[in-house]
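Undergrad: The structure is given below, and queries will be raised subsequently.
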Amino acid sequence: MSEEAPRPAPARHRILVVDDERQTVSAVKHLLRRKYKVLGATRAQEALELLDQEPVSVVLCDQRMPEMTGDAFFAEARRRHPNTIRILITAYADIQALVRSINNGHIFGYVAKPWSPEELEHMVARAVEHWDVSELNRRMTRELADANQLLQKANDELKAFTHVVAHDLKEPLRTIAAYTQFMRGDLEPPLQPEGLHYLDGIQRCAEHLFRLIDDLMRFTEIDHIERALEQAELRYVVSKALEMLEGAVRDTGAEVRVAETLPVVEGDAGRLVLLFQNLISNGLKFNQSAPPVIEVGAGPSEGDTVEVFVRDNGIGIHHDYQQQIFELFERLHARTEYPGTGAGLAIVRRIVELHGGEVAVESTPGNGSTFRLTLRRAGAAR
Ligand code: ADP
């Protein structure tokens, strides 16, 4: 069924009464006139025209009319104005008409003839209430869709902006790198050790800026990739992450213990590999124990949610900074102490959030850290 275009909400609900007997229309109009603006029609065609012209909340129609029966009228009224609430007025014996009105006209209710004023009034009041709730629902859905659209637009603009900025920043950086190269090799007389030392500083800064730009791009691109939710076996995901970190594990002499069983989750395996790669590499990097020990395991699961952790015996994180480290480019150490840009955990958090989960850290300085994340079990009902 196509969505009916939103119409401005009427100040007073409009009720339309359709009956070929003029006295009945007048009686209903009289009965409801105090609470509603009541319109009347003695022919189905006239009623359809009225519905096209004015926003009507509730329409009551008699089944027996000469040109078009009530149920046929409702089927057409529903096609044109699905939001208008429909009430059939019919005799008890007219069960077939009632069935057709329910099936084709999706009527809200019916009033049996001969009707009592209280019964009719009560039915209309309930229908109006129903219209109000449905209208509120429709308005909220529209507002949500509008807000989503705005958000999507802002997001797209931000991504486009980041791209442009990144490209524009890289251009002068390349030139700086090229000039430092010339200065090293082509100057006559050649640079003295002090000059070369300054040059090293410039080059280091340029390289760091390159890495920052790349990480910024990587961060914004996380949501860019089409999300492919599949069954991701975390044992496999972690083994892939470890393959990427083979050099770092070897260089640090670390011991990596991966639990025998890890859950299968609903997720994008590629992004999850990146997530574990970031967490494990941090565990290796911010670590002074000999040997560094990294453990990957599953915590208690609850319903459709599973918990996974990455634990290390590294330097730990002070309680005051345990939130801040998940922000983009937030670091707790000088680059000379531990290299990095501060994008890793922001990427981890973004990936977990894209999977509908959460990530948090438990840690005390000097006693290692445990990063816990929640993910959805594969095949969990939505
Ligand atoms: P980077 O590793 O590039 O510094 P991250 O975003 O991955 O950036 O981490 C942010 C900061 O959080 C790090 O600079 C470090 O201070 C702290 N941190 C992250 N992981 C650990 C860990 N396993 N142990 C101790 N500190 C950590």
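Residues in the structure tokens are numbered from 1 in each chain, the chains being A, B, ... in the order shown, and ligands are numbered from 1 in the order shown.
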Using only C-alpha atoms, which residues sit within 12 Å of Val99 of chain A once same-chain residues fewer than 3 positions away are excluded, as a list in words?
TA: Gln63, Gly70, Asp71, Ala72, Leu88, Thr90, Tyr92, Ala93, Asp94, Ile95, Gln96, Ile102, Asn103, Asn104, Gly105, His106, Ile107, Gly109 and Tyr110 of chain A
Undergrad: Can you tell me, as a ChimeraX atom specification, what residues are no more than 12 Å from Ser57 of chain A when counting only C-alpha atoms, ignoring any on the same chain fewer than 4 positions away?
TA: /A:7-17,36-39,51,81-87,108,124-135
Undergrad: For ligand 1, which residue out of A:Arg372, A:His163, A:Arg100, A:Arg22 is the nearest one, using only C-alpha atoms and all ligand atoms?
TA: A:Arg372
Undergrad: Could you give me the residues within segment 215-355 of chain A that DSSP places in alpha helix (DSSP H), as a PyMOL selection string?
TA: chain A and resi 215-221+234-244+246-252+269-285+344-354
Undergrad: Show me which residues are within 6 Å of ligand 1 counting only C-alpha atoms and all ligand atoms, and format the list as a ChimeraX atom specification.
TA: /A:282-283,286,314-317,325,330-333,340-346,369
Undergrad: Could you turn the residues from that selection into a file that holds N, CA and C atoms, as a compact mmCIF listing (two decimals), in the first residue's frame?
TA:
# COMPACT_ATOMS: atom_id res chain seq x y z
N ASN A 282 48.58 -3.54 20.59
CA ASN A 282 48.75 -2.66 21.76
C ASN A 282 49.27 -3.45 22.96
N GLY A 283 48.73 -4.65 23.12
CA GLY A 283 49.17 -5.50 24.24
C GLY A 283 50.65 -5.82 24.15
N PHE A 286 52.57 -1.85 24.52
CA PHE A 286 52.60 -1.18 25.83
C PHE A 286 52.90 -2.22 26.90
N GLY A 314 50.83 -6.02 30.38
CA GLY A 314 51.60 -4.82 30.06
C GLY A 314 51.59 -3.76 31.15
N ILE A 315 51.84 -2.52 30.74
CA ILE A 315 52.06 -1.44 31.70
C ILE A 315 50.77 -0.96 32.38
N GLY A 316 49.62 -1.33 31.82
CA GLY A 316 48.35 -0.94 32.44
C GLY A 316 47.97 0.50 32.12
N ILE A 317 46.75 0.84 32.51
CA ILE A 317 46.23 2.18 32.19
C ILE A 317 45.58 2.74 33.46
N ILE A 325 41.15 7.01 26.21
CA ILE A 325 42.00 6.32 25.22
C ILE A 325 41.23 5.85 23.99
N GLU A 330 43.95 10.18 20.83
CA GLU A 330 44.30 10.35 22.25
C GLU A 330 45.38 9.34 22.61
N ARG A 331 46.47 9.82 23.20
CA ARG A 331 47.56 8.92 23.62
C ARG A 331 47.99 9.32 25.03
N LEU A 332 48.57 8.38 25.72
CA LEU A 332 49.00 8.69 27.09
C LEU A 332 50.51 8.80 27.18
N HIS A 333 51.18 8.52 26.07
CA HIS A 333 52.65 8.52 26.12
C HIS A 333 53.24 9.31 24.97
N GLY A 340 53.22 5.53 17.73
CA GLY A 340 51.78 5.38 17.43
C GLY A 340 51.14 6.73 17.18
N THR A 341 49.89 6.67 16.72
CA THR A 341 49.17 7.91 16.44
C THR A 341 47.97 8.12 17.35
N GLY A 342 47.53 7.05 18.01
CA GLY A 342 46.36 7.20 18.87
C GLY A 342 45.05 6.93 18.13
N ALA A 343 45.13 6.25 16.99
CA ALA A 343 43.89 5.96 16.24
C ALA A 343 43.38 4.55 16.52
N GLY A 344 44.27 3.66 16.99
CA GLY A 344 43.93 2.23 17.10
C GLY A 344 42.67 1.94 17.90
N LEU A 345 42.57 2.49 19.10
CA LEU A 345 41.41 2.16 19.94
C LEU A 345 40.14 2.87 19.46
N ALA A 346 40.31 4.03 18.80
CA ALA A 346 39.12 4.69 18.22
C ALA A 346 38.56 3.79 17.12
N SER A 369 46.25 -5.07 31.29
CA SER A 369 44.93 -4.55 30.92
C SER A 369 44.09 -5.66 30.31
Undergrad: Pick out each residue of segment 109-266 of chain A that DSSP on the backbone tags as strand (DSSP E or B); I need them as a PyMOL selection string.
TA: chain A and resi 109-113+230-233+255-258+264-266
Undergrad: Got a sec: who's within 10 Å of Gly379 of chain A, counting only C-alpha atoms, leaving out chain neighbours fewer than 2 positions off, as a list in words?
TA: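 After dropping sequence-adjacent residues, the list is Glu230, Gln231, Val264, Val265, Glu266, Asp304, Arg376, Arg377, Ala381 and Arg382 of chain A.
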Undergrad: Atom CA of Glu255 of chain A and atom CA of Ile351 of chain A, how far apart in Å?
TA: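 Straight-line distance from atom CA of Ile351 of chain A to atom CA of Glu255 of chain A works out to 26.0 Å.
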